[in-house]
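J.: Contents of upload-v3.tsv (TSV, C-alpha atoms) are given next:
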```tsv
chain	number	residue	atom	x	y	z
A	1	MET	CA	-9.01	-16.04	-18.84
A	2	LYS	CA	-7.54	-14.71	-15.58
A	3	ILE	CA	-5.23	-11.83	-16.45
A	4	GLY	CA	-2.79	-9.83	-14.36
A	5	ILE	CA	-1.40	-6.45	-15.43
A	6	PHE	CA	1.90	-5.74	-13.69
A	7	LEU	CA	2.74	-2.04	-13.79
A	8	PRO	CA	3.56	-0.21	-10.53
A	9	ASN	CA	3.75	3.20	-12.24
A	10	ALA	CA	0.11	3.01	-13.35
A	11	THR	CA	-1.14	4.14	-9.95
A	12	PHE	CA	1.19	6.82	-8.65
A	13	ASP	CA	0.68	9.65	-11.07
A	14	LEU	CA	-1.47	12.31	-9.41
A	15	PRO	CA	-0.98	15.17	-8.83
A	16	GLY	CA	1.91	14.40	-11.19
A	17	THR	CA	5.14	12.48	-11.58
A	18	ALA	CA	7.76	12.01	-14.27
A	19	GLU	CA	7.29	8.24	-14.03
A	20	VAL	CA	3.86	8.13	-15.65
A	21	GLY	CA	3.04	8.47	-19.33
A	22	GLY	CA	1.37	6.74	-22.25
A	23	ILE	CA	2.34	3.22	-21.17
A	24	GLU	CA	0.42	3.63	-17.93
A	25	VAL	CA	-2.63	5.04	-19.73
A	26	TYR	CA	-2.48	2.14	-22.19
A	27	ALA	CA	-2.25	-0.46	-19.41
A	28	LEU	CA	-5.33	0.90	-17.63
A	29	GLU	CA	-7.32	1.01	-20.86
A	30	LEU	CA	-6.14	-2.47	-21.85
A	31	GLY	CA	-7.33	-3.84	-18.52
A	32	GLU	CA	-10.69	-2.13	-18.84
A	33	GLN	CA	-11.21	-3.40	-22.38
A	34	MET	CA	-10.20	-6.96	-21.51
A	35	GLN	CA	-12.57	-6.89	-18.54
A	36	LYS	CA	-15.40	-5.83	-20.87
A	37	ARG	CA	-14.58	-8.77	-23.11
A	38	GLY	CA	-15.25	-11.21	-20.26
A	39	HIS	CA	-11.77	-11.74	-18.85
A	40	ASP	CA	-11.05	-11.57	-15.11
A	41	VAL	CA	-8.47	-8.75	-14.90
A	42	THR	CA	-6.51	-7.39	-11.92
A	43	LEU	CA	-3.97	-4.58	-11.98
A	44	PHE	CA	-0.96	-4.77	-9.68
A	45	GLY	CA	0.07	-1.16	-9.07
A	46	GLY	CA	2.01	1.00	-6.66
A	47	LYS	CA	0.36	2.29	-3.50
A	48	PRO	CA	0.28	6.11	-3.80
A	49	LYS	CA	2.53	8.01	-1.43
A	50	PRO	CA	0.99	10.47	1.07
A	51	GLY	CA	-0.56	13.39	-0.79
A	52	ARG	CA	-0.87	11.49	-4.05
A	53	ARG	CA	-3.71	9.55	-5.59
A	54	HIS	CA	-4.23	7.38	-8.62
A	55	ARG	CA	-6.55	7.67	-11.56
A	56	VAL	CA	-9.94	6.00	-11.54
A	57	ILE	CA	-9.41	2.28	-12.27
A	58	PRO	CA	-12.65	0.68	-13.50
A	59	PHE	CA	-11.57	-2.90	-12.80
A	60	PRO	CA	-10.08	-4.77	-9.79
A	61	HIS	CA	-6.66	-3.70	-8.58
A	62	GLN	CA	-4.24	-4.41	-5.77
A	63	LEU	CA	-1.74	-1.82	-4.54
A	64	PHE	CA	1.67	-2.45	-3.00
A	65	ASP	CA	4.54	-0.40	-1.61
A	66	TYR	CA	7.19	0.77	-4.05
A	67	ILE	CA	10.43	2.76	-3.94
A	68	GLU	CA	10.60	6.01	-5.87
A	69	THR	CA	13.54	6.09	-8.26
A	70	LYS	CA	14.84	9.30	-6.68
A	71	ASP	CA	15.34	7.36	-3.44
A	72	ILE	CA	17.51	4.71	-5.09
A	73	PRO	CA	21.30	5.26	-5.35
A	74	LYS	CA	22.08	7.03	-8.61
A	75	LEU	CA	24.17	4.41	-10.37
A	76	GLY	CA	22.45	5.01	-13.70
A	77	THR	CA	18.82	5.26	-14.85
A	78	ARG	CA	18.63	1.60	-15.76
A	79	PHE	CA	19.93	0.58	-12.31
A	80	ARG	CA	17.35	2.67	-10.47
A	81	LYS	CA	14.44	1.40	-12.54
A	82	LEU	CA	15.61	-2.19	-12.24
A	83	VAL	CA	15.86	-1.92	-8.46
A	84	GLN	CA	12.40	-0.33	-8.32
A	85	ARG	CA	10.88	-3.18	-10.33
A	86	LEU	CA	12.61	-5.93	-8.36
A	87	HIS	CA	11.51	-4.38	-5.07
A	88	PHE	CA	7.93	-4.09	-6.30
A	89	GLY	CA	8.07	-7.66	-7.54
A	90	SER	CA	9.07	-8.79	-4.05
A	91	ALA	CA	6.38	-6.68	-2.35
A	92	SER	CA	3.67	-8.19	-4.56
A	93	MET	CA	5.12	-11.69	-5.01
A	94	GLN	CA	2.86	-13.62	-2.63
A	95	ALA	CA	-0.30	-11.86	-3.79
A	96	LEU	CA	0.50	-12.48	-7.43
A	97	SER	CA	1.21	-16.13	-6.72
A	98	ASP	CA	-2.04	-16.47	-4.77
A	99	ALA	CA	-4.02	-14.88	-7.63
A	100	ARG	CA	-3.13	-17.83	-9.89
A	101	PHE	CA	-3.27	-15.83	-13.10
A	102	ASP	CA	-3.28	-17.55	-16.46
A	103	ILE	CA	-1.47	-14.60	-18.03
A	104	VAL	CA	0.49	-11.61	-16.73
A	105	PHE	CA	1.25	-8.60	-18.95
A	106	ILE	CA	4.52	-6.75	-18.39
A	107	PHE	CA	5.77	-3.59	-20.10
A	108	LYS	CA	9.46	-3.24	-19.28
A	109	PRO	CA	12.42	-5.59	-19.81
A	110	TYR	CA	13.25	-5.07	-16.12
A	111	ASP	CA	10.36	-7.41	-15.37
A	112	PHE	CA	11.99	-10.30	-17.25
A	113	ILE	CA	13.59	-11.17	-13.91
A	114	ASN	CA	10.23	-11.04	-12.14
A	115	ALA	CA	8.85	-13.34	-14.86
A	116	TRP	CA	11.50	-15.91	-13.89
A	117	ARG	CA	10.59	-15.50	-10.20
A	118	TRP	CA	6.87	-15.98	-10.89
A	119	LYS	CA	7.37	-19.00	-13.14
A	120	PHE	CA	9.70	-20.59	-10.60
A	121	ARG	CA	6.69	-20.68	-8.29
A	122	ARG	CA	4.11	-21.55	-10.95
A	123	LYS	CA	5.41	-22.96	-14.21
A	124	GLU	CA	2.08	-22.88	-16.06
A	125	LEU	CA	1.87	-19.07	-15.86
A	126	LYS	CA	2.28	-17.33	-19.23
A	127	VAL	CA	3.99	-13.93	-19.38
A	128	ILE	CA	3.33	-11.51	-22.26
A	129	MET	CA	5.75	-8.65	-22.91
A	130	ASN	CA	4.52	-5.44	-24.54
A	131	TYR	CA	7.44	-3.40	-25.89
A	132	GLN	CA	6.70	0.33	-25.69
A	133	GLY	CA	10.29	1.52	-25.73
A	134	THR	CA	13.69	0.03	-25.05
A	135	ASP	CA	14.85	0.12	-21.40
A	136	PHE	CA	17.37	-2.59	-22.17
A	137	PHE	CA	19.84	-3.45	-19.42
A	138	PRO	CA	22.87	-5.71	-18.96
A	139	THR	CA	21.89	-9.41	-18.73
A	140	ASP	CA	18.37	-8.81	-20.11
A	141	ARG	CA	19.07	-11.24	-22.98
A	142	PHE	CA	19.55	-14.02	-20.43
A	143	TRP	CA	16.28	-13.30	-18.61
A	144	HIS	CA	14.30	-12.91	-21.85
A	145	ARG	CA	13.95	-16.72	-22.08
A	146	TRP	CA	11.15	-16.61	-19.48
A	147	ILE	CA	8.86	-14.57	-21.75
A	148	ASP	CA	6.18	-16.66	-23.47
A	149	ARG	CA	4.71	-14.14	-25.91
A	150	GLU	CA	5.67	-10.62	-26.97
A	151	TYR	CA	4.54	-7.78	-29.18
A	152	ALA	CA	5.66	-4.22	-29.95
A	153	VAL	CA	3.63	-1.08	-30.45
A	154	SER	CA	5.44	0.18	-33.56
A	155	PRO	CA	7.50	-1.29	-36.41
A	156	GLU	CA	10.65	0.47	-35.20
A	157	ASN	CA	10.14	-0.84	-31.67
A	158	ALA	CA	9.73	-4.36	-33.09
A	159	ARG	CA	12.99	-4.01	-35.04
A	160	LEU	CA	14.82	-2.89	-31.89
A	161	ALA	CA	13.46	-5.82	-29.87
A	162	GLU	CA	14.29	-8.31	-32.63
A	163	ALA	CA	17.84	-6.97	-32.89
A	164	ARG	CA	18.23	-7.28	-29.13
A	165	TYR	CA	16.63	-10.66	-28.48
A	166	GLY	CA	16.24	-12.36	-31.86
A	167	GLY	CA	13.11	-13.91	-33.30
A	168	ALA	CA	10.13	-12.15	-34.86
A	169	VAL	CA	8.15	-9.65	-32.78
A	170	PRO	CA	4.61	-8.89	-34.05
A	171	VAL	CA	3.42	-5.29	-34.11
A	172	ILE	CA	0.18	-4.49	-32.28
A	173	PRO	CA	-0.07	-0.71	-31.76
A	174	ASN	CA	-1.71	1.15	-28.91
A	175	ALA	CA	-5.41	1.85	-29.21
A	176	VAL	CA	-7.66	4.82	-28.59
A	177	ASP	CA	-11.27	5.34	-27.54
A	178	THR	CA	-12.56	6.90	-30.74
A	179	THR	CA	-15.93	7.61	-29.14
A	180	LEU	CA	-14.43	9.72	-26.36
A	181	PHE	CA	-11.81	11.34	-28.57
A	182	GLN	CA	-13.70	12.77	-31.50
A	183	PRO	CA	-13.77	16.10	-33.34
A	184	ALA	CA	-15.76	18.98	-31.91
A	185	THR	CA	-19.09	19.58	-33.57
A	186	ASP	CA	-18.29	23.30	-33.89
A	187	LYS	CA	-14.90	24.21	-35.38
A	188	ALA	CA	-15.77	27.78	-36.34
A	189	SER	CA	-12.84	29.28	-34.43
A	190	GLU	CA	-9.68	29.70	-36.46
A	191	SER	CA	-7.51	30.64	-33.46
A	192	LEU	CA	-4.10	28.96	-33.49
A	193	HIS	CA	-4.20	26.77	-30.39
A	194	LEU	CA	-1.44	24.16	-30.15
A	195	LEU	CA	-1.52	21.32	-27.61
A	196	THR	CA	1.06	18.99	-26.09
A	197	ALA	CA	0.08	16.34	-23.55
A	198	GLY	CA	2.03	13.87	-21.47
A	199	ARG	CA	5.08	13.72	-19.24
A	200	LEU	CA	7.22	16.83	-19.11
A	201	VAL	CA	10.57	15.06	-19.35
A	202	GLY	CA	13.68	15.93	-21.32
A	203	TRP	CA	13.54	13.29	-24.04
A	204	LYS	CA	10.04	14.40	-25.04
A	205	GLY	CA	11.70	17.42	-26.70
A	206	LEU	CA	9.58	20.14	-25.12
A	207	ARG	CA	12.52	22.53	-24.83
A	208	VAL	CA	12.97	22.43	-28.59
A	209	LEU	CA	9.28	23.15	-29.11
A	210	ALA	CA	9.39	25.94	-26.51
A	211	GLU	CA	12.22	27.65	-28.36
A	212	ALA	CA	10.21	27.45	-31.57
A	213	VAL	CA	6.97	28.73	-30.00
A	214	ALA	CA	8.92	31.70	-28.60
A	215	GLU	CA	9.81	32.78	-32.13
A	216	VAL	CA	6.49	32.15	-33.85
A	217	PRO	CA	3.90	34.77	-32.88
A	218	GLY	CA	0.22	33.99	-32.95
A	219	ILE	CA	0.52	30.45	-31.55
A	220	HIS	CA	-1.11	29.80	-28.17
A	221	TRP	CA	0.43	26.74	-26.55
A	222	HIS	CA	-1.56	24.51	-24.18
A	223	VAL	CA	0.60	22.25	-22.00
A	224	ALA	CA	-1.16	19.31	-20.33
A	225	GLY	CA	0.97	17.24	-18.00
A	226	ASP	CA	3.57	17.52	-15.28
A	227	GLY	CA	7.17	16.58	-14.72
A	228	PRO	CA	10.69	17.88	-14.08
A	229	GLU	CA	10.78	20.04	-17.24
A	230	LEU	CA	7.93	22.25	-15.99
A	231	THR	CA	10.19	24.63	-14.07
A	232	TRP	CA	12.46	25.21	-17.06
A	233	LEU	CA	9.53	25.66	-19.44
A	234	LYS	CA	7.90	28.29	-17.22
A	235	SER	CA	11.20	30.10	-16.73
A	236	HIS	CA	11.89	30.10	-20.48
A	237	ALA	CA	8.43	31.47	-21.24
A	238	GLU	CA	8.99	34.38	-18.83
A	239	GLU	CA	12.50	35.04	-20.09
A	240	LYS	CA	11.46	35.07	-23.77
A	241	ASN	CA	8.23	37.01	-23.12
A	242	TYR	CA	5.70	34.51	-24.43
A	243	ALA	CA	4.20	33.41	-21.08
A	244	SER	CA	0.92	35.09	-22.01
A	245	ARG	CA	0.68	32.64	-24.92
A	246	ILE	CA	0.85	29.52	-22.75
A	247	THR	CA	-1.80	27.82	-20.61
A	248	TRP	CA	-0.59	25.26	-18.08
A	249	HIS	CA	-3.22	22.57	-17.49
A	250	GLY	CA	-1.37	20.11	-15.26
A	251	VAL	CA	-2.32	16.42	-15.21
A	252	LEU	CA	-5.81	15.81	-16.63
A	253	GLU	CA	-8.22	12.92	-16.60
A	254	ALA	CA	-9.07	11.42	-20.01
A	255	THR	CA	-12.42	13.20	-20.29
A	256	ASP	CA	-10.74	16.55	-19.63
A	257	VAL	CA	-8.04	15.80	-22.22
A	258	ALA	CA	-10.77	15.00	-24.74
A	259	ARG	CA	-12.50	18.32	-24.10
A	260	LEU	CA	-9.22	20.22	-24.34
A	261	MET	CA	-8.41	18.58	-27.66
A	262	GLN	CA	-11.74	19.69	-29.03
A	263	SER	CA	-10.80	23.30	-28.25
A	264	CYS	CA	-7.44	23.13	-30.06
A	265	ARG	CA	-6.48	22.94	-33.71
A	266	PHE	CA	-3.00	21.44	-33.62
A	267	PHE	CA	-1.02	18.88	-31.62
A	268	ALA	CA	2.76	18.52	-31.37
A	269	GLN	CA	4.93	15.54	-30.39
A	270	PRO	CA	8.50	16.91	-30.53
A	271	SER	CA	10.28	13.88	-29.03
A	272	ILE	CA	14.08	13.89	-29.32
A	273	GLY	CA	14.47	10.34	-27.94
A	274	PHE	CA	12.81	7.21	-29.32
A	275	ASP	CA	9.08	7.46	-28.61
A	276	ALA	CA	7.42	4.23	-29.70
A	277	CYS	CA	3.66	4.86	-29.78
A	278	PRO	CA	2.53	7.89	-27.75
A	279	THR	CA	-1.12	7.51	-26.80
A	280	ALA	CA	-1.70	11.26	-26.84
A	281	VAL	CA	-0.87	11.38	-30.55
A	282	LEU	CA	-3.56	8.79	-31.30
A	283	GLN	CA	-6.01	10.72	-29.13
A	284	ALA	CA	-5.24	13.94	-31.01
A	285	MET	CA	-5.62	12.28	-34.41
A	286	SER	CA	-8.89	10.71	-33.32
A	287	SER	CA	-10.01	14.21	-32.27
A	288	GLY	CA	-9.36	15.55	-35.76
A	289	LEU	CA	-6.37	17.71	-34.84
A	290	VAL	CA	-3.55	18.29	-37.29
A	291	VAL	CA	-0.58	16.55	-35.67
A	292	ALA	CA	3.07	17.45	-36.11
A	293	MET	CA	5.47	14.80	-34.84
A	294	SER	CA	9.20	14.33	-34.91
A	295	ASP	CA	11.02	11.58	-36.77
A	296	LYS	CA	11.81	9.97	-33.39
A	297	VAL	CA	8.18	8.89	-32.98
A	298	GLY	CA	7.81	5.25	-34.05
A	299	LEU	CA	4.08	5.75	-34.62
A	300	ARG	CA	4.81	7.90	-37.68
A	301	GLU	CA	5.32	4.75	-39.77
A	302	ASN	CA	1.61	4.00	-39.52
A	303	PHE	CA	0.52	7.24	-41.19
A	304	ILE	CA	1.08	9.11	-44.45
A	305	PRO	CA	3.09	12.38	-44.15
A	306	ASP	CA	1.40	15.54	-45.40
A	307	ARG	CA	-1.88	13.66	-45.75
A	308	GLU	CA	-2.52	12.44	-42.19
A	309	PHE	CA	0.18	14.29	-40.24
A	310	LEU	CA	3.15	16.63	-40.54
A	311	LEU	CA	6.61	15.05	-40.16
A	312	VAL	CA	9.26	17.23	-38.50
A	313	SER	CA	12.89	16.17	-38.90
A	314	GLY	CA	15.34	18.33	-37.01
A	315	GLY	CA	15.63	20.73	-34.09
A	316	LYS	CA	14.50	24.27	-33.34
A	317	ASP	CA	14.63	25.56	-36.94
A	318	ALA	CA	12.64	22.59	-38.21
A	319	TRP	CA	9.97	23.19	-35.59
A	320	ILE	CA	9.81	26.89	-36.39
A	321	ALA	CA	9.19	25.95	-40.01
A	322	ALA	CA	6.58	23.40	-38.94
A	323	LEU	CA	4.69	25.94	-36.81
A	324	GLU	CA	4.71	28.38	-39.71
A	325	ARG	CA	3.29	25.64	-41.95
A	326	LEU	CA	0.54	24.95	-39.43
A	327	LYS	CA	-0.33	28.64	-39.29
A	328	ALA	CA	-0.55	28.76	-43.09
A	329	LEU	CA	-2.91	25.81	-43.46
A	330	THR	CA	-6.14	26.72	-45.19
A	331	PRO	CA	-9.39	25.67	-43.49
A	332	ASP	CA	-9.93	23.06	-46.20
A	333	LYS	CA	-6.45	21.57	-45.78
A	334	HIS	CA	-6.83	21.60	-42.00
A	335	PHE	CA	-10.15	19.76	-42.28
A	336	SER	CA	-8.86	17.22	-44.80
A	337	MET	CA	-5.76	16.34	-42.76
A	338	GLY	CA	-7.76	16.06	-39.53
A	339	THR	CA	-10.40	13.91	-41.21
A	340	ALA	CA	-7.82	11.64	-42.87
A	341	ALA	CA	-6.01	11.17	-39.55
A	342	ARG	CA	-9.21	10.22	-37.72
A	343	GLU	CA	-10.21	7.77	-40.46
A	344	ALA	CA	-6.77	6.12	-40.24
A	345	VAL	CA	-7.09	5.81	-36.45
A	346	ILE	CA	-10.58	4.30	-36.67
A	347	ARG	CA	-9.35	1.86	-39.31
A	348	SER	CA	-6.31	0.56	-37.43
A	349	PHE	CA	-6.35	1.67	-33.79
A	350	SER	CA	-9.79	0.88	-32.37
A	351	TRP	CA	-9.82	-1.11	-29.13
A	352	SER	CA	-12.00	-3.84	-30.63
A	353	SER	CA	-9.52	-4.78	-33.35
A	354	ILE	CA	-6.49	-4.34	-31.08
A	355	CYS	CA	-7.92	-6.58	-28.33
A	356	THR	CA	-8.76	-9.29	-30.85
A	357	ARG	CA	-5.14	-9.30	-32.03
A	358	ILE	CA	-3.82	-9.43	-28.46
A	359	GLU	CA	-6.16	-12.29	-27.55
A	360	ALA	CA	-4.72	-14.27	-30.46
A	361	LEU	CA	-1.43	-14.33	-28.53
A	362	PHE	CA	-3.08	-16.26	-25.68
```
Could you rewrite the structure in this file as structure tokens?

T.:
Amino acid sequence: MKIGIFLPNATFDLPGTAEVGGIEVYALELGEQMQKRGHDVTLFGGKPKPGRRHRVIPFPHQLFDYIETKDIPKLGTRFRKLVQRLHFGSASMQALSDARFDIVFIFKPYDFINAWRWKFRRKELKVIMNYQGTDFFPTDRFWHRWIDREYAVSPENARLAEARYGGAVPVIPNAVDTTLFQPATDKASESLHLLTAGRLVGWKGLRVLAEAVAEVPGIHWHVAGDGPELTWLKSHAEEKNYASRITWHGVLEATDVARLMQSCRFFAQPSIGFDACPTAVLQAMSSGLVVAMSDKVGLRENFIPDREFLLVSGGKDAWIAALERLKALTPDKHFSMGTAAREAVIRSFSWSSICTRIEALF
């Protein structure tokens, strides 16, 4: 099968940008896994701006010019992202048509319009939509008719898509490399190292977590990622006198994230906006960390609270209580929760089983 992956953001993330997160990581891993399974895969991504570079992409890719959202008139977030996608669709239109793909994967409703443009040129093309959030926009219901297959990464995301567009949307969650992300062989250290990883953007809830960390002594917070919240987070750490308890790691390659996870005990996902299926949470669980995640994370529905993860419902006070609970975990409880989480990930989130389910959509 000749497969195209259409995601401009996948290739303009280094040294760091707020427009790259788990969806981009997933798309690159999906392409790599499909290539290994014998498919002919090509990524269509954005050409990095001067001074930037993209992650290593272990399968064919073509890069095209794109407009950064900050350079688009600020008439609303949805407007800027829609314009960015339509411009990128135009820049890559001829190349995508010439590639004669059997299937093209898209990841945002904005690309429903591009799906219509592609199928106008080549009716036999099939377009598969992977819902990893909402990003709904006016008129998207009209353009949805040009989508051939679709799936969502969490039950809540499926419910949102079904309510918006009708029909039944199957759930196929993100996957994780359980060989790369595995527990450290030596967990003798009982130091309280907490990790967050991903985009540093407002809806990820990092300010709430920062306020909690400031009031819970003994926690050392590792922050992997970059984005517009970084300046506030650093300023808050200085102002509240806990800067010595934070290590800023910036954007890391997957192998470096895996090593960092092996040096930590806990992982936090404090999202305050809907967060469908954050890849970093699966990576942390696969690494045997005890994960605390907010009730805004759709992925929580796939795991058992207090057995495989810690559910946090609420703001600053709830996260203070959660951090205190993490500190109080006995070594046996820490081990049992980390082990249960990894077993659940291996059972339901391995790339082999996920790819087989996606191929069934073809």

J.: Skipping near chain neighbours, those fewer than 4 positions away, what residues fall within 7 Å of region 287-298 of chain A using only C-alpha atoms, listed as a PyMOL selection string?

T.: chain A and resi 154-157+181-183+261-262+265-277+283+309-313+334+337-339+341-342

J.: To one decimal place in Å, what is the distance between CA of Ala161 (chain A) and CA of Tyr131 (chain A)?

T.: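 Separating CA of Ala161 (chain A) from CA of Tyr131 (chain A) is a distance of 7.6 Å.
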
J.: Give, as lines of an AutoDock Vina configuration file, the centre coordinates and the x, y and z edge lengths in Å to one decimal for an axis-aligned box around all listed atoms of region 82-91 of chain A, padded by 3 Å on each side.

T.:
```
center_x = 11.1
center_y = -4.6
center_z = -7.3
size_x = 15.5
size_y = 14.5
size_z = 15.9
```

J.: Please list as a ChimeraX atom specification every residue within 10 Å of Lys234 (chain A), counting all atoms listed in the file and excluding residues in the same chain fewer than 3 positions away.

T.: /A:210,229-231,237-239,242-243,246,248

J.: When you draw a straight line from CA of Gly205 (chain A) to CA of Glu253 (chain A), how long is it in Å?

T.: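 Computed distance, CA of Gly205 (chain A) to CA of Glu253 (chain A), equals 22.8 Å.
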
J.: What does the structure give for the distance between CA of Ile346 (chain A) and CA of Ser286 (chain A), in Å to one decimal?

T.: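 So the two atoms, CA of Ile346 (chain A) and CA of Ser286 (chain A), lie 7.4 Å apart.
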
J.: Need the shell around Ser97 (chain A): protein/DNA/RNA residues with any atom at most 8 Å away, counting only C-alpha atoms. Skip same-chain ones fewer than 2 positions apart. Format as a ChimeraX atom specification?

T.: /A:93-95,99-101,118,121-122

J.: Export, as an mmCIF file, in the frame of the given file, the selected residues with C-alpha atoms.

T.:
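The resulting file, out-v5.cif, is shown below:
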```cif
data_model
loop_
_atom_site.group_PDB
_atom_site.id
_atom_site.type_symbol
_atom_site.label_atom_id
_atom_site.label_comp_id
_atom_site.auth_asym_id
_atom_site.auth_seq_id
_atom_site.Cartn_x
_atom_site.Cartn_y
_atom_site.Cartn_z
ATOM 1 C CA MET A 93 5.120 -11.690 -5.010
ATOM 2 C CA GLN A 94 2.860 -13.620 -2.630
ATOM 3 C CA ALA A 95 -0.300 -11.860 -3.790
ATOM 4 C CA ALA A 99 -4.020 -14.880 -7.630
ATOM 5 C CA ARG A 100 -3.130 -17.830 -9.890
ATOM 6 C CA PHE A 101 -3.270 -15.830 -13.100
ATOM 7 C CA TRP A 118 6.870 -15.980 -10.890
ATOM 8 C CA ARG A 121 6.690 -20.680 -8.290
ATOM 9 C CA ARG A 122 4.110 -21.550 -10.950
#
```

J.: Pick from A:Ser336, A:Gln62, A:Ser92, A:Asn174: nearest to Gln132 (chain A), with all atoms listed in the file counted?

T.: A:Asn174

J.: Nearest residue to Gly22 (chain A) out of A:Lys47, A:Lys204, A:His220, A:Arg259, using all atoms listed in the file?

T.: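 Under the stated criterion, the closest residue is A:Lys204.
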